[in-house]
file final_20.txt (compact mmCIF, C-alpha atoms)
# COMPACT_ATOMS: atom_id res chain seq x y z
CA MET A 1 95.18 115.46 116.08
CA LYS A 2 98.11 113.19 116.94
CA ILE A 3 97.81 109.42 117.02
CA LYS A 4 100.45 106.98 118.16
CA THR A 5 101.21 103.96 116.03
CA THR A 6 103.71 101.14 116.44
CA ARG A 7 104.63 101.21 112.72
CA PHE A 8 104.83 104.94 112.00
CA GLY A 9 105.45 106.52 115.39
CA THR A 10 103.31 109.56 116.12
CA VAL A 11 101.23 110.69 113.14
CA THR A 12 99.59 114.10 112.91
CA LEU A 13 96.38 114.31 110.92
CA GLY A 14 93.20 116.29 110.68
CA GLU A 15 90.09 115.09 112.50
CA GLU A 16 88.37 114.91 109.08
CA LYS A 17 90.65 111.99 108.11
CA ILE A 18 89.24 109.69 110.80
CA LEU A 19 86.74 107.07 109.71
CA ASN A 20 84.13 105.85 112.17
CA MET A 21 83.29 102.13 111.98
CA PRO A 22 80.12 101.67 114.03
CA PHE A 23 80.54 97.86 113.98
CA GLY A 24 84.36 97.70 113.98
CA MET A 25 86.28 95.07 112.05
CA LEU A 26 85.65 91.34 112.39
CA GLY A 27 87.40 90.23 115.55
CA PHE A 28 87.96 93.86 116.59
CA GLN A 29 84.41 95.14 117.18
CA ASP A 30 85.57 97.46 119.98
CA LYS A 31 87.92 99.39 117.67
CA LYS A 32 85.73 101.99 116.01
CA ARG A 33 88.05 104.65 114.59
CA PHE A 34 90.50 104.15 111.73
CA VAL A 35 92.52 106.22 109.32
CA ILE A 36 93.88 105.31 105.89
CA LEU A 37 97.60 105.99 105.59
CA GLN A 38 99.65 105.93 102.40
CA ASN A 39 102.12 103.03 102.36
CA LYS A 40 104.56 104.42 99.79
CA GLU A 41 104.02 106.94 97.02
CA ASN A 42 102.41 105.27 93.97
CA SER A 43 101.90 102.02 95.90
CA PRO A 44 98.58 100.20 95.48
CA PHE A 45 98.69 99.36 99.20
CA PHE A 46 97.59 101.45 102.16
CA TRP A 47 97.50 100.99 105.93
CA TYR A 48 94.13 100.90 107.68
CA GLN A 49 95.41 102.11 111.03
CA SER A 50 93.33 101.98 114.20
CA VAL A 51 93.19 105.29 116.03
CA ASP A 52 92.15 103.44 119.20
CA ASP A 53 94.95 100.82 119.22
CA PRO A 54 98.48 101.83 118.15
CA SER A 55 99.42 98.24 117.28
CA LEU A 56 96.37 97.45 115.13
CA ALA A 57 96.74 98.11 111.40
CA PHE A 58 95.69 96.23 108.30
CA VAL A 59 97.18 96.39 104.82
CA ILE A 60 94.42 97.25 102.34
CA THR A 61 94.14 97.76 98.60
CA ASN A 62 91.64 98.51 95.88
CA PRO A 63 90.32 95.09 94.76
CA PHE A 64 89.63 96.27 91.21
CA LEU A 65 93.37 96.57 90.57
CA PHE A 66 93.68 92.80 90.91
CA MET A 67 90.17 91.66 89.94
CA PRO A 68 88.46 94.16 87.61
CA ASP A 69 85.17 92.21 87.58
CA TYR A 70 84.90 92.03 91.41
CA GLU A 71 81.32 92.66 92.56
CA VAL A 72 79.89 93.46 95.97
CA ASP A 73 76.18 93.86 96.64
CA ILE A 74 76.06 96.98 98.80
CA GLU A 75 72.30 97.60 98.66
CA ASN A 76 71.66 96.35 102.22
CA VAL A 77 74.65 98.30 103.55
CA LEU A 78 73.38 101.51 101.98
CA ILE A 79 70.02 101.01 103.68
CA GLU A 80 71.41 99.88 107.05
CA MET A 81 73.89 102.76 107.22
CA SER A 82 71.37 105.29 105.80
CA TRP A 83 73.75 106.00 102.94
CA ASN A 84 71.02 105.98 100.29
CA GLY A 85 71.92 108.24 97.41
CA ASN A 86 75.58 108.32 98.43
CA SER A 87 76.86 105.81 95.88
CA LYS A 88 77.38 108.51 93.26
CA ASN A 89 80.23 110.93 92.57
CA ASN A 90 83.00 108.74 94.00
CA ILE A 91 81.68 109.11 97.55
CA LEU A 92 82.09 105.38 98.20
CA GLU A 93 85.40 103.53 98.05
CA LEU A 94 85.97 99.81 98.40
CA TYR A 95 89.05 98.13 99.86
CA VAL A 96 90.04 94.58 100.71
CA VAL A 97 92.32 93.46 103.51
CA VAL A 98 95.62 92.00 102.34
CA ASN A 99 97.61 89.30 104.12
CA ILE A 100 101.34 89.34 103.41
CA PRO A 101 103.12 86.34 104.94
CA LYS A 102 106.36 87.32 106.66
CA GLY A 103 109.29 86.67 104.32
CA ALA A 104 107.03 85.61 101.44
CA PRO A 105 105.43 88.67 99.82
CA GLU A 106 104.89 86.67 96.63
CA LYS A 107 102.26 84.67 98.57
CA MET A 108 100.14 87.71 99.50
CA THR A 109 96.40 87.21 99.43
CA ALA A 110 93.30 89.40 99.67
CA ASN A 111 90.14 88.75 101.63
CA LEU A 112 87.46 89.14 98.97
CA ILE A 113 84.58 88.07 101.23
CA GLY A 114 85.08 90.82 103.82
CA PRO A 115 85.70 94.10 101.95
CA ILE A 116 85.68 97.49 103.65
CA LEU A 117 83.25 100.04 102.24
CA VAL A 118 84.15 103.67 102.98
CA ASN A 119 81.75 106.59 102.68
CA ASN A 120 83.88 109.70 102.16
CA LYS A 121 80.93 112.03 102.71
CA THR A 122 79.89 110.72 106.13
CA ARG A 123 83.45 109.57 107.09
CA GLN A 124 82.04 106.18 108.03
CA ALA A 125 83.17 102.71 107.04
CA VAL A 126 81.77 99.22 107.38
CA GLN A 127 83.19 95.78 106.74
CA VAL A 128 80.82 93.96 104.42
CA VAL A 129 80.60 90.25 105.14
CA MET A 130 79.47 88.35 102.07
CA SER A 131 77.90 84.99 102.75
CA ASN A 132 77.23 82.55 99.90
CA SER A 133 79.86 84.37 97.90
CA PRO A 134 81.75 83.01 94.90
CA TYR A 135 84.87 84.71 96.34
CA ILE A 136 87.42 83.44 98.85
CA HIS A 137 89.18 84.94 101.86
CA ASN A 138 92.66 84.15 100.51
CA PHE A 139 92.64 85.23 96.86
CA PRO A 140 96.26 85.24 95.54
CA LEU A 141 97.27 88.72 94.35
CA ILE A 142 100.32 87.46 92.47
CA THR A 143 99.93 84.55 90.08
CA GLN A 144 102.52 81.82 89.52
CA ASP A 145 103.03 83.16 85.97
CA GLU A 146 103.91 86.61 87.39
CA ILE A 147 106.36 85.06 89.84
CA GLU A 148 108.06 83.05 87.08
CA SER A 149 108.24 86.03 84.70
CA GLU A 150 110.11 88.07 87.34
CA SER A 151 112.66 85.30 87.91
call {"tool": "encode", "arguments": {"input": "final_20.txt", "output": "structure tokens"}}
result
Amino acid sequence: MKIKTTRFGTVTLGEEKILNMPFGMLGFQDKKRFVILQNKENSPFFWYQSVDDPSLAFVITNPFLFMPDYEVDIENVLIEMSWNGNSKNNILELYVVVNIPKGAPEKMTANLIGPILVNNKTRQAVQVVMSNSPYIHNFPLITQDEIESES
């Protein structure tokens, strides 16, 4: 299958790579199909590219790389999506959306209260919205100490 994107041009991929999001992303509920594209080899960042809208793509990453003790209660999601029993054997993956301000990558943040949970067995994904969470939507991925040590 070929999909058109504004960032990567036309991308060819197998139908099995497409993730179905029954509820879409917050603010984009009508966009239901996405694909995860590699940013650069060995990069911790990926693109969550809409198959339905060539200009819609989010930068995502594994939250545990930046916050090893990050916790998301997925019990209700497993029930609602009928994914019971699918949390084993690396079937589920968790990502967070990253915001990288133009011209200021050192100020990048991650949305820890709206992670994306991907089920690799069913090829479905859902954005988990955590209310009453100890996390924030703009968690800094680079600390001031890291910025100063690179200077």
call {"tool": "closest_atom_pairs", "arguments": {"input": "final_20.txt", "of": "stretch 17-122 of chain A", "to": "stretch 1-10 of chain A", "cutoff": "10 Å", "atoms": "only C-alpha atoms", "output": "CSV"}}
result
residue,atom,partner,partner_atom,distance
A:Lys17,CA,A:Met1,CA,9.8
A:Ile18,CA,A:Met1,CA,9.8
A:Val35,CA,A:Ile3,CA,9.9
A:Leu37,CA,A:Phe8,CA,9.7
A:Trp47,CA,A:Arg7,CA,9.8
A:Gln49,CA,A:Thr5,CA,7.9
A:Ser50,CA,A:Thr5,CA,8.3
A:Val51,CA,A:Ile3,CA,6.3
A:Asp52,CA,A:Ile3,CA,8.5
A:Asp53,CA,A:Thr5,CA,7.7
A:Pro54,CA,A:Thr5,CA,4.1
A:Ser55,CA,A:Thr6,CA,5.2
A:Leu56,CA,A:Thr5,CA,8.2
A:Ala57,CA,A:Arg7,CA,8.6
call {"tool": "write_last_selection", "arguments": {"input": "final_20.txt", "atoms": "C-alpha atoms", "output": "short mmCIF file (atom, residue, chain, number, x, y, z; two decimals), in the coordinates of the input"}}
result
data_model
loop_
_atom_site.label_atom_id
_atom_site.label_comp_id
_atom_site.auth_asym_id
_atom_site.auth_seq_id
_atom_site.Cartn_x
_atom_site.Cartn_y
_atom_site.Cartn_z
CA LYS A 17 90.65 111.99 108.11
CA ILE A 18 89.24 109.69 110.80
CA VAL A 35 92.52 106.22 109.32
CA LEU A 37 97.60 105.99 105.59
CA TRP A 47 97.50 100.99 105.93
CA GLN A 49 95.41 102.11 111.03
CA SER A 50 93.33 101.98 114.20
CA VAL A 51 93.19 105.29 116.03
CA ASP A 52 92.15 103.44 119.20
CA ASP A 53 94.95 100.82 119.22
CA PRO A 54 98.48 101.83 118.15
CA SER A 55 99.42 98.24 117.28
CA LEU A 56 96.37 97.45 115.13
CA ALA A 57 96.74 98.11 111.40
#
call {"tool": "atom_distance", "arguments": {"input": "final_20.txt", "atom1": "atom CA of A:Gln127", "atom2": "atom CA of A:Gln29"}}
result
10.5 Å
call {"tool": "atom_distance", "arguments": {"input": "final_20.txt", "atom1": "atom CA of A:Val126", "atom2": "atom CA of A:Ser82"}}
result
12.1 Å
call {"tool": "residues_near_point", "arguments": {"input": "final_20.txt", "point": "(88.2, 97.0, 98.9)", "cutoff": "12 Å", "atoms": "all atoms listed in the file", "output": "VMD selection string"}}
result
chain A and resid 44 to 46 48 59 to 68 70 to 72 92 to 98 110 to 118 125 to 129
call {"tool": "atom_distance", "arguments": {"input": "final_20.txt", "atom1": "atom CA of A:Asn39", "atom2": "atom CA of A:Pro101"}}
result
16.9 Å
call {"tool": "closest_residue", "arguments": {"input": "final_20.txt", "among": "A:Thr143, A:Ile136, A:Asn120, A:Glu80", "to": "A:Glu106", "atoms": "all atoms listed in the file"}}
result
A:Thr143
call {"tool": "closest_residue", "arguments": {"input": "final_20.txt", "among": "A:His137, A:Arg123, A:Lys107, A:Lys102", "to": "A:Lys32", "atoms": "all atoms listed in the file"}}
result
A:Arg123
call {"tool": "closest_residue", "arguments": {"input": "final_20.txt", "among": "A:Phe139, A:Gln124, A:Asn132, A:Asn76", "to": "A:Gly24", "atoms": "only C-alpha atoms"}}
result
A:Gln124
call {"tool": "closest_residue", "arguments": {"input": "final_20.txt", "among": "A:Pro105, A:Leu141, A:Val11, A:Ser131", "to": "A:Gln38", "atoms": "all atoms listed in the file"}}
result
A:Val11
call {"tool": "closest_residue", "arguments": {"input": "final_20.txt", "among": "A:Met130, A:Ile74, A:Ile142, A:Ile91", "to": "A:Met108", "atoms": "only C-alpha atoms"}}
result
A:Ile142
